[in-house]
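Colleague: So that you have it, the file is final02.cif, and it contains mmCIF, C-alpha atoms (C1' of nucleotides):
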data_query
loop_
_atom_site.group_PDB
_atom_site.id
_atom_site.type_symbol
_atom_site.label_atom_id
_atom_site.label_comp_id
_atom_site.auth_asym_id
_atom_site.auth_seq_id
_atom_site.Cartn_x
_atom_site.Cartn_y
_atom_site.Cartn_z
ATOM 1 C CA MET A 33 33.083 -9.193 -15.979
ATOM 2 C CA VAL A 34 30.954 -6.176 -15.210
ATOM 3 C CA ALA A 35 27.206 -5.920 -15.256
ATOM 4 C CA PHE A 36 25.371 -2.671 -15.793
ATOM 5 C CA ILE A 37 21.944 -2.316 -14.310
ATOM 6 C CA PHE A 38 19.691 0.592 -15.136
ATOM 7 C CA ALA A 39 17.801 2.222 -12.287
ATOM 8 C CA THR A 40 14.457 1.115 -13.657
ATOM 9 C CA GLU A 41 15.610 -2.469 -13.902
ATOM 10 C CA TRP A 42 17.040 -2.342 -10.432
ATOM 11 C CA LEU A 43 13.751 -1.166 -8.976
ATOM 12 C CA HIS A 44 12.084 -4.032 -10.722
ATOM 13 C CA ILE A 45 14.518 -6.519 -9.252
ATOM 14 C CA MET A 46 14.303 -5.026 -5.759
ATOM 15 C CA ALA A 47 10.884 -6.173 -4.630
ATOM 16 C CA ASP A 48 9.452 -4.208 -1.709
ATOM 17 C CA VAL A 49 10.988 -0.787 -1.950
ATOM 18 C CA ARG A 50 9.417 0.822 1.080
ATOM 19 C CA ARG A 51 11.814 2.702 3.238
ATOM 20 C CA ASP A 52 9.407 5.402 4.255
ATOM 21 C CA VAL A 53 8.228 5.805 7.843
ATOM 22 C CA PHE A 54 4.686 6.651 6.771
ATOM 23 C CA GLN A 55 4.544 3.620 4.522
ATOM 24 C CA ALA A 56 5.929 1.507 7.335
ATOM 25 C CA ILE A 57 3.264 2.429 9.871
ATOM 26 C CA ALA A 58 0.476 2.020 7.337
ATOM 27 C CA ASP A 59 0.369 -1.707 8.036
ATOM 28 C CA PRO A 60 -1.543 -2.720 11.193
ATOM 29 C CA THR A 61 0.742 -5.662 11.919
ATOM 30 C CA ARG A 62 3.793 -3.423 11.799
ATOM 31 C CA ARG A 63 2.118 -0.936 14.111
ATOM 32 C CA ALA A 64 1.423 -3.772 16.532
ATOM 33 C CA ILE A 65 5.050 -4.888 16.317
ATOM 34 C CA LEU A 66 6.201 -1.381 17.179
ATOM 35 C CA VAL A 67 3.914 -1.290 20.201
ATOM 36 C CA LEU A 68 5.223 -4.654 21.402
ATOM 37 C CA LEU A 69 8.817 -3.531 20.969
ATOM 38 C CA ALA A 70 8.061 -0.378 22.916
ATOM 39 C CA ALA A 71 7.618 -2.570 25.972
ATOM 40 C CA GLN A 72 10.759 -4.618 25.410
ATOM 41 C CA ALA A 73 13.176 -5.864 22.779
ATOM 42 C CA MET A 74 12.122 -9.167 21.252
ATOM 43 C CA THR A 75 13.233 -11.802 18.762
ATOM 44 C CA PRO A 76 11.258 -12.542 15.588
ATOM 45 C CA ASN A 77 10.154 -15.798 17.186
ATOM 46 C CA ASP A 78 8.798 -14.044 20.246
ATOM 47 C CA LEU A 79 6.992 -11.551 18.072
ATOM 48 C CA ALA A 80 5.511 -14.159 15.757
ATOM 49 C CA GLU A 81 3.740 -15.792 18.677
ATOM 50 C CA HIS A 82 1.646 -12.663 19.045
ATOM 51 C CA PHE A 83 0.302 -12.912 15.525
ATOM 52 C CA ASP A 84 -1.558 -15.355 13.354
ATOM 53 C CA SER A 85 0.820 -14.976 10.458
ATOM 54 C CA SER A 86 3.978 -16.981 9.897
ATOM 55 C CA ARG A 87 7.447 -16.222 11.228
ATOM 56 C CA GLN A 88 8.516 -15.434 7.673
ATOM 57 C CA ALA A 89 5.862 -12.769 7.405
ATOM 58 C CA VAL A 90 6.980 -11.188 10.668
ATOM 59 C CA SER A 91 10.568 -11.354 9.468
ATOM 60 C CA LYS A 92 9.630 -9.398 6.388
ATOM 61 C CA HIS A 93 7.859 -6.762 8.438
ATOM 62 C CA LEU A 94 10.957 -6.450 10.590
ATOM 63 C CA ARG A 95 13.029 -5.993 7.485
ATOM 64 C CA ILE A 96 10.871 -3.097 6.393
ATOM 65 C CA LEU A 97 10.959 -1.552 9.866
ATOM 66 C CA THR A 98 14.741 -1.945 9.915
ATOM 67 C CA GLU A 99 15.140 -0.383 6.483
ATOM 68 C CA CYS A 100 13.393 2.768 7.580
ATOM 69 C CA ARG A 101 15.247 2.796 10.910
ATOM 70 C CA LEU A 102 12.237 2.370 13.146
ATOM 71 C CA VAL A 103 13.894 -0.693 14.616
ATOM 72 C CA LYS A 104 17.423 -1.885 15.272
ATOM 73 C CA GLN A 105 18.888 -5.385 15.399
ATOM 74 C CA GLU A 106 21.186 -6.711 18.064
ATOM 75 C CA GLN A 107 22.543 -10.178 17.438
ATOM 76 C CA GLU A 108 22.880 -12.412 20.468
ATOM 77 C CA GLY A 109 24.158 -15.790 19.354
ATOM 78 C CA ARG A 110 21.723 -17.143 16.830
ATOM 79 C CA GLU A 111 18.982 -14.926 18.133
ATOM 80 C CA ILE A 112 18.391 -11.401 16.946
ATOM 81 C CA PHE A 113 16.803 -8.957 19.340
ATOM 82 C CA TYR A 114 14.868 -6.166 17.743
ATOM 83 C CA HIS A 115 14.834 -2.854 19.580
ATOM 84 C CA LEU A 116 12.497 0.032 18.949
ATOM 85 C CA GLU A 117 14.170 3.195 17.696
ATOM 86 C CA ALA A 118 11.539 5.482 19.167
ATOM 87 C CA SER A 119 13.393 8.622 18.179
ATOM 88 C CA LYS A 120 12.729 7.842 14.535
ATOM 89 C CA MET A 121 9.065 8.461 15.249
ATOM 90 C CA LYS A 122 9.878 12.089 15.786
ATOM 91 C CA GLU A 123 9.700 12.349 12.010
ATOM 92 C CA ILE A 124 5.992 11.658 12.141
ATOM 93 C CA ASP A 125 5.599 13.982 15.093
ATOM 94 C CA LYS A 126 7.426 16.686 13.198
ATOM 95 C CA TRP A 127 5.163 16.255 10.197
ATOM 96 C CA LEU A 128 2.151 16.560 12.479
ATOM 97 C CA ASP A 129 3.482 19.848 13.822
ATOM 98 C CA GLN A 130 2.245 21.781 10.809
ATOM 99 C CA PHE A 131 -1.305 20.689 11.626
ATOM 100 C CA ARG A 132 -1.093 20.878 15.394
ATOM 101 C CA LYS A 133 -1.456 24.643 15.325
ATOM 102 C CA ILE A 134 -4.680 24.263 13.391
ATOM 103 C CA TRP A 135 -6.350 21.593 15.474
ATOM 104 C CA GLU A 136 -5.546 23.481 18.661
ATOM 105 C CA ASP A 137 -6.894 26.732 17.247
ATOM 106 C CA ARG A 138 -9.950 27.903 19.149
ATOM 107 C CA PHE A 139 -11.174 30.065 16.284
ATOM 108 C CA GLN A 140 -11.251 26.960 14.132
ATOM 109 C CA GLN A 141 -13.570 25.423 16.694
ATOM 110 C CA LEU A 142 -15.731 28.546 16.665
ATOM 111 C CA ASP A 143 -15.939 28.442 12.882
ATOM 112 C CA LYS A 144 -17.239 24.918 13.113
ATOM 113 C CA VAL A 145 -19.981 25.912 15.538
ATOM 114 C CA LEU A 146 -21.040 28.789 13.328
ATOM 115 C CA LEU A 147 -21.077 26.524 10.281
ATOM 116 C CA THR A 148 -23.285 24.059 12.120
ATOM 117 C CA LEU A 149 -25.698 26.831 13.115
ATOM 118 C CA LYS A 150 -25.769 28.100 9.528
ATOM 119 C CA ASN A 151 -26.641 24.656 8.206
ATOM 120 C CA LYS A 152 -29.368 24.159 10.803
ATOM 121 C CA LYS A 153 -31.091 27.326 9.639
ATOM 122 C CA LYS A 154 -31.451 25.979 6.101
ATOM 123 C CA MET B 500 -36.296 -9.142 -5.867
ATOM 124 C CA VAL B 501 -33.607 -9.479 -3.285
ATOM 125 C CA ALA B 502 -29.908 -10.012 -3.833
ATOM 126 C CA PHE B 503 -27.666 -11.596 -1.280
ATOM 127 C CA ILE B 504 -24.051 -10.626 -1.284
ATOM 128 C CA PHE B 505 -21.470 -12.434 0.746
ATOM 129 C CA ALA B 506 -18.891 -10.363 2.589
ATOM 130 C CA THR B 507 -16.052 -11.698 0.471
ATOM 131 C CA GLU B 508 -17.879 -10.812 -2.724
ATOM 132 C CA TRP B 509 -18.727 -7.389 -1.380
ATOM 133 C CA LEU B 510 -15.101 -6.649 -0.658
ATOM 134 C CA HIS B 511 -14.307 -7.681 -4.186
ATOM 135 C CA ILE B 512 -16.925 -5.345 -5.608
ATOM 136 C CA MET B 513 -15.945 -2.447 -3.347
ATOM 137 C CA ALA B 514 -12.564 -1.528 -4.780
ATOM 138 C CA ASP B 515 -10.398 0.600 -2.527
ATOM 139 C CA VAL B 516 -11.662 0.010 0.970
ATOM 140 C CA ARG B 517 -9.215 2.159 2.826
ATOM 141 C CA ARG B 518 -10.738 4.261 5.524
ATOM 142 C CA ASP B 519 -7.767 4.171 7.822
ATOM 143 C CA VAL B 520 -5.883 7.351 8.702
ATOM 144 C CA PHE B 521 -2.518 5.604 8.663
ATOM 145 C CA GLN B 522 -3.197 4.127 5.261
ATOM 146 C CA ALA B 523 -4.352 7.523 4.041
ATOM 147 C CA ILE B 524 -1.166 9.360 4.972
ATOM 148 C CA ALA B 525 1.041 6.612 3.558
ATOM 149 C CA ASP B 526 0.770 8.120 0.106
ATOM 150 C CA PRO B 527 3.055 11.106 -0.567
ATOM 151 C CA THR B 528 0.563 12.819 -2.854
ATOM 152 C CA ARG B 529 -2.115 12.635 -0.191
ATOM 153 C CA ARG B 530 0.270 14.042 2.392
ATOM 154 C CA ALA B 531 1.004 16.928 0.032
ATOM 155 C CA ILE B 532 -2.719 17.515 -0.443
ATOM 156 C CA LEU B 533 -3.197 17.697 3.314
ATOM 157 C CA VAL B 534 -0.409 20.240 3.619
ATOM 158 C CA LEU B 535 -1.927 22.383 0.872
ATOM 159 C CA LEU B 536 -5.347 22.224 2.495
ATOM 160 C CA ALA B 537 -3.821 23.249 5.798
ATOM 161 C CA ALA B 538 -3.140 26.648 4.247
ATOM 162 C CA GLN B 539 -6.587 27.041 2.696
ATOM 163 C CA ALA B 540 -9.594 25.133 1.380
ATOM 164 C CA MET B 541 -9.296 24.293 -2.285
ATOM 165 C CA THR B 542 -11.171 22.680 -5.152
ATOM 166 C CA PRO B 543 -9.933 19.508 -6.866
ATOM 167 C CA ASN B 544 -8.994 21.636 -9.863
ATOM 168 C CA ASP B 545 -6.890 23.988 -7.766
ATOM 169 C CA LEU B 546 -5.185 21.044 -6.143
ATOM 170 C CA ALA B 547 -4.529 19.216 -9.392
ATOM 171 C CA GLU B 548 -2.511 22.144 -10.670
ATOM 172 C CA HIS B 549 0.031 21.473 -7.952
ATOM 173 C CA PHE B 550 0.674 17.942 -9.148
ATOM 174 C CA ASP B 551 1.756 16.137 -12.264
ATOM 175 C CA SER B 552 -1.044 13.624 -12.099
ATOM 176 C CA SER B 553 -4.488 14.040 -13.583
ATOM 177 C CA ARG B 554 -7.524 15.650 -11.972
ATOM 178 C CA GLN B 555 -9.103 12.214 -11.757
ATOM 179 C CA ALA B 556 -6.217 10.923 -9.717
ATOM 180 C CA VAL B 557 -6.488 13.856 -7.316
ATOM 181 C CA SER B 558 -10.217 13.275 -7.106
ATOM 182 C CA LYS B 559 -9.614 9.716 -6.027
ATOM 183 C CA HIS B 560 -7.138 10.781 -3.381
ATOM 184 C CA LEU B 561 -9.704 13.256 -2.092
ATOM 185 C CA ARG B 562 -12.232 10.472 -1.930
ATOM 186 C CA ILE B 563 -9.947 8.433 0.260
ATOM 187 C CA LEU B 564 -9.184 11.413 2.475
ATOM 188 C CA THR B 565 -12.902 12.113 2.766
ATOM 189 C CA GLU B 566 -13.704 8.500 3.633
ATOM 190 C CA CYS B 567 -11.382 8.575 6.608
ATOM 191 C CA ARG B 568 -12.585 12.058 7.624
ATOM 192 C CA LEU B 569 -9.291 13.846 7.152
ATOM 193 C CA VAL B 570 -11.041 16.205 4.799
ATOM 194 C CA LYS B 571 -14.520 17.631 4.402
ATOM 195 C CA GLN B 572 -16.393 18.763 1.324
ATOM 196 C CA GLU B 573 -18.351 21.985 0.999
ATOM 197 C CA GLN B 574 -20.253 22.381 -2.217
ATOM 198 C CA GLU B 575 -20.355 25.851 -3.685
ATOM 199 C CA GLY B 576 -22.277 25.734 -6.932
ATOM 200 C CA ARG B 577 -20.517 23.311 -9.218
ATOM 201 C CA GLU B 578 -17.316 23.659 -7.279
ATOM 202 C CA ILE B 579 -16.469 21.589 -4.242
ATOM 203 C CA PHE B 580 -14.160 23.083 -1.680
ATOM 204 C CA TYR B 581 -12.180 20.623 0.338
ATOM 205 C CA HIS B 582 -11.350 21.611 3.907
ATOM 206 C CA LEU B 583 -8.806 19.995 6.147
ATOM 207 C CA GLU B 584 -10.236 18.293 9.226
ATOM 208 C CA ALA B 585 -7.093 18.792 11.259
ATOM 209 C CA SER B 586 -8.636 17.389 14.424
ATOM 210 C CA LYS B 587 -8.746 13.946 12.803
ATOM 211 C CA MET B 588 -4.960 13.968 12.892
ATOM 212 C CA LYS B 589 -5.163 13.754 16.646
ATOM 213 C CA GLU B 590 -5.616 10.035 16.082
ATOM 214 C CA ILE B 591 -2.074 9.798 14.808
ATOM 215 C CA ASP B 592 -0.843 12.044 17.568
ATOM 216 C CA LYS B 593 -2.593 9.862 20.111
ATOM 217 C CA TRP B 594 -0.965 6.751 18.692
ATOM 218 C CA LEU B 595 2.417 8.443 18.911
ATOM 219 C CA ASP B 596 1.815 9.177 22.590
ATOM 220 C CA GLN B 597 2.781 5.659 23.617
ATOM 221 C CA PHE B 598 6.229 6.203 22.095
ATOM 222 C CA ARG B 599 6.690 9.816 23.086
ATOM 223 C CA LYS B 600 7.569 8.827 26.628
ATOM 224 C CA ILE B 601 10.316 6.601 25.294
ATOM 225 C CA TRP B 602 11.942 9.000 22.871
ATOM 226 C CA GLU B 603 11.960 11.734 25.477
ATOM 227 C CA ASP B 604 13.477 9.424 28.073
ATOM 228 C CA ARG B 605 16.962 10.523 29.042
ATOM 229 C CA PHE B 606 17.919 7.083 30.290
ATOM 230 C CA GLN B 607 17.179 5.711 26.832
ATOM 231 C CA GLN B 608 19.709 8.187 25.497
ATOM 232 C CA LEU B 609 22.215 7.074 28.114
ATOM 233 C CA ASP B 610 21.686 3.443 27.179
ATOM 234 C CA LYS B 611 22.513 4.292 23.612
ATOM 235 C CA VAL B 612 25.771 5.979 24.584
ATOM 236 C CA LEU B 613 26.776 2.991 26.704
ATOM 237 C CA LEU B 614 25.930 0.604 23.887
ATOM 238 C CA THR B 615 28.078 2.603 21.506
ATOM 239 C CA LEU B 616 30.984 2.519 23.929
ATOM 240 C CA LYS B 617 30.546 -1.216 24.404
ATOM 241 C CA ASN B 618 30.630 -1.812 20.654
ATOM 242 C CA LYS B 619 33.699 0.356 20.235
ATOM 243 C CA LYS B 620 35.592 -1.780 22.697
ATOM 244 C CA LYS B 621 34.984 -4.946 20.671
ATOM 245 C "C1'" DA C 50 -32.019 24.379 -24.582
ATOM 246 C "C1'" DA C 51 -27.172 23.991 -25.901
ATOM 247 C "C1'" DA C 52 -22.471 24.633 -24.647
ATOM 248 C "C1'" DA C 53 -19.047 25.089 -21.159
ATOM 249 C "C1'" DT C 54 -17.131 24.021 -16.667
ATOM 250 C "C1'" DA C 55 -16.199 21.188 -12.470
ATOM 251 C "C1'" DT C 56 -16.122 16.911 -10.640
ATOM 252 C "C1'" DT C 57 -16.790 12.015 -10.185
ATOM 253 C "C1'" DT C 58 -17.170 7.243 -11.761
ATOM 254 C "C1'" DA C 59 -15.807 3.325 -14.694
ATOM 255 C "C1'" DA C 60 -12.618 0.325 -16.921
ATOM 256 C "C1'" DA C 61 -8.230 -1.427 -17.487
ATOM 257 C "C1'" DG C 62 -3.450 -2.180 -16.664
ATOM 258 C "C1'" DA C 63 1.119 -1.809 -14.265
ATOM 259 C "C1'" DA C 64 3.222 -1.997 -9.971
ATOM 260 C "C1'" DA C 65 3.332 -2.749 -5.108
ATOM 261 C "C1'" DT C 66 1.934 -5.233 -1.020
ATOM 262 C "C1'" DC C 67 1.290 -9.087 1.786
ATOM 263 C "C1'" DC C 68 0.961 -13.740 2.612
ATOM 264 C "C1'" DT C 69 2.347 -18.725 2.259
ATOM 265 C "C1'" DT C 70 5.450 -22.716 1.597
ATOM 266 C "C1'" DA C 71 10.040 -24.320 0.596
ATOM 267 C "C1'" DA C 72 14.854 -23.729 0.783
ATOM 268 C "C1'" DA C 73 19.084 -21.617 2.496
ATOM 269 C "C1'" DA C 74 22.265 -19.644 5.983
ATOM 270 C "C1'" DA C 75 24.085 -19.126 10.446
ATOM 271 C "C1'" DT C 76 24.756 -20.546 15.080
ATOM 272 C "C1'" DA C 77 24.268 -23.738 18.980
ATOM 273 C "C1'" DT C 78 23.802 -28.334 20.936
ATOM 274 C "C1'" DT C 79 24.616 -33.231 21.187
ATOM 275 C "C1'" DA D 520 30.412 -34.156 12.670
ATOM 276 C "C1'" DA D 521 25.481 -34.522 12.745
ATOM 277 C "C1'" DT D 522 21.300 -32.482 14.391
ATOM 278 C "C1'" DA D 523 18.449 -28.836 16.097
ATOM 279 C "C1'" DT D 524 17.229 -24.026 16.387
ATOM 280 C "C1'" DT D 525 16.680 -19.299 14.775
ATOM 281 C "C1'" DT D 526 16.228 -16.405 11.181
ATOM 282 C "C1'" DT D 527 16.285 -14.905 6.452
ATOM 283 C "C1'" DT D 528 15.663 -15.358 1.474
ATOM 284 C "C1'" DA D 529 13.268 -17.086 -2.671
ATOM 285 C "C1'" DA D 530 9.332 -18.127 -5.458
ATOM 286 C "C1'" DG D 531 4.664 -17.772 -6.399
ATOM 287 C "C1'" DG D 532 0.035 -16.100 -6.032
ATOM 288 C "C1'" DA D 533 -3.959 -13.260 -4.485
ATOM 289 C "C1'" DT D 534 -5.200 -8.675 -3.478
ATOM 290 C "C1'" DT D 535 -4.640 -3.820 -3.283
ATOM 291 C "C1'" DT D 536 -3.018 0.474 -4.885
ATOM 292 C "C1'" DC D 537 -2.305 3.988 -8.119
ATOM 293 C "C1'" DT D 538 -2.581 5.849 -12.509
ATOM 294 C "C1'" DT D 539 -4.580 6.818 -17.043
ATOM 295 C "C1'" DT D 540 -8.223 7.624 -20.544
ATOM 296 C "C1'" DA D 541 -13.031 7.707 -21.516
ATOM 297 C "C1'" DA D 542 -17.634 8.403 -20.106
ATOM 298 C "C1'" DA D 543 -21.120 10.141 -16.934
ATOM 299 C "C1'" DT D 544 -23.205 13.610 -13.780
ATOM 300 C "C1'" DA D 545 -24.197 18.107 -12.131
ATOM 301 C "C1'" DT D 546 -24.211 22.971 -12.404
ATOM 302 C "C1'" DT D 547 -23.543 27.347 -14.640
ATOM 303 C "C1'" DT D 548 -23.362 30.346 -18.636
ATOM 304 C "C1'" DT D 549 -24.784 31.737 -23.114
#
Take the structure in the file and write it out as structure tokens.

Modeller:
Amino acid sequence: MVAFIFATEWLHIMADVRRDVFQAIADPTRRAILVLLAAQAMTPNDLAEHFDSSRQAVSKHLRILTECRLVKQEQEGREIFYHLEASKMKEIDKWLDQFRKIWEDRFQQLDKVLLTLKNKKK
Amino acid sequence: MVAFIFATEWLHIMADVRRDVFQAIADPTRRAILVLLAAQAMTPNDLAEHFDSSRQAVSKHLRILTECRLVKQEQEGREIFYHLEASKMKEIDKWLDQFRKIWEDRFQQLDKVLLTLKNKKK
DNA sequence: AAAATATTTAAAGAAATCCTTAAAAATATT
DNA sequence: AATATTTTTAAGGATTTCTTTAAATATTTT
């Protein structure tokens, strides 16, 4: 027996389709998890102790972080250690590059000063 | 007459309370808007032409970007030019700083190589 | 003043997000 | 083999997000 599933149906079945780094870091809890994992690899249990929410909630966050490769699992018996994949964050850094030139631009700063002066005159 | 509003009610009334930079850049359309504005200030109408969605949708995205100070308005008659506030992106850059040390760490890279070798042996 | 243009706000609905509790799966301990 | 531990998956619900169309507001042109 073979079952055909259309893409639209599949997306409906697959709850939580968020494999995007920007989407991933939008959640404050996930950002906190990433910071904790930057210090050292931890299990979901360890992590959950740092938050008010349930272990299941943390597990789900870890799933999302894993899906977008910000984090990697390493099984150790029945425990799973989650490691930060810091290099994946380069994607964000790279995206920021196109703005970095602007915010470091001194003329931009000058423009702002002039604009402020102009508005004060009014 | 005075009306008392509880915080919970207020949050219910205030739809879309998202003044967080990370939340703001989570949406792909908003990221595209930021990139366009990096090149030059534009009106909502100008921007809308670059997208499939309606002017109203773009307007709402601009509202969110304005609320978290990623963008600034400058009225010019009945037109409103939206400028990028690139410096606000430093917040993201600053957050990335705590990971930058890790992803640039050569020993981290070495660890990865060793881990790969270890797994190959298995 | 009336019509046209630019933009925002409101209302409503579909989809996504996030959380919780309960159940399942996998591994370790007794 | 039975029990305990660690983690994930499932189901359900409240809230948020994003989009659309319609209506409102503000400014310019005629």

Colleague: Enumerate, as a PyMOL selection string, the residues matched when the PyMOL selection byres ((chain D) within 12 of (chain B)) is run on the file above.

Modeller: chain D and resi 533-541+544-547

Colleague: Could you tell me which residues the PyMOL selection byres ((chain B) within 7 of (chain A)) returns for this structure, as a list in words?

Modeller: Phe521, Gln522, Ile524, Ala525, Ala537, Ala585, Ser586, Phe598, Ile601 and Trp602 of chain B

Colleague: Given 5 Å of margin on each side, can you work out the centre and size in Å (one decimal) of an axis-aligned box holding every listed atom of segment 558-562 of chain B, as JSON?

Modeller:
{"center_x": -9.7, "center_y": 11.5, "center_z": -4.5, "size_x": 15.1, "size_y": 13.6, "size_z": 15.2}

Colleague: Can you work out which one of B:Asn544, B:Gln572, B:Thr528, B:Gln539 has the shortest atom-to-atom distance to chain C, counting all atoms listed in the file?

Modeller: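 Nearest to chain C: B:Asn544.
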
Colleague: Pull the closest atom pair for each residue of chain C that gets at most 12 Å from chain A, along with the distance in Å to one decimal, counting only C-alpha atoms (C1' of nucleotides), ordering rows by chain and then ascending residue number, as CSV.

Modeller:
residue,atom,partner,partner_atom,distance
C:DA63,C1',A:His44,CA,11.7
C:DA64,C1',A:His44,CA,9.1
C:DA65,C1',A:Asp48,CA,7.2
C:DT66,C1',A:Asp48,CA,7.6
C:DC67,C1',A:Ala89,CA,8.1
C:DC68,C1',A:Ala89,CA,6.9
C:DT69,C1',A:Ser86,CA,8.0
C:DT70,C1',A:Gln88,CA,10.0
C:DA71,C1',A:Gln88,CA,11.5
C:DA74,C1',A:Arg110,CA,11.1
C:DA75,C1',A:Arg110,CA,7.1
C:DT76,C1',A:Arg110,CA,4.9
C:DA77,C1',A:Arg110,CA,7.4

Colleague: Need to verify the contact set: Lys104 of chain A, 12 Å, only C-alpha atoms (C1' of nucleotides), exclusion of same-chain residues closer than 2 positions in sequence. Can you return it as a VMD selection string?

Modeller: (chain A and resid 66 69 73 to 75 94 to 102 106 to 107 112 to 120) or (chain B and resid 611)

Colleague: Please compute the atom CA of Asp545 of chain B-atom CA of Arg529 of chain B distance, one decimal, in Å.

Modeller: 14.5 Å

Colleague: What is the atom CA of Leu535 of chain B-atom CA of Leu147 of chain A distance in Å, reported with one decimal?

Modeller: 21.7 Å

Colleague: So the first atom is atom C1' of DA543 of chain D and the second is atom C1' of DT56 of chain C; what is the distance between them in Å, to one decimal place?

Modeller: 10.5 Å

Colleague: Leaving out DA51 of chain C and any residue of its chain fewer than 2 positions from it, which residues lie within 12 Å of it when counting all atoms listed in the file, given as a short mmCIF file (atom, residue, chain, number, x, y, z; two decimals) with C-alpha atoms (C1' of nucleotides), in the frame of the given file?

Modeller:
data_model
loop_
_atom_site.label_atom_id
_atom_site.label_comp_id
_atom_site.auth_asym_id
_atom_site.auth_seq_id
_atom_site.Cartn_x
_atom_site.Cartn_y
_atom_site.Cartn_z
"C1'" DA C 53 -19.05 25.09 -21.16
"C1'" DT D 548 -23.36 30.35 -18.64
"C1'" DT D 549 -24.78 31.74 -23.11
#
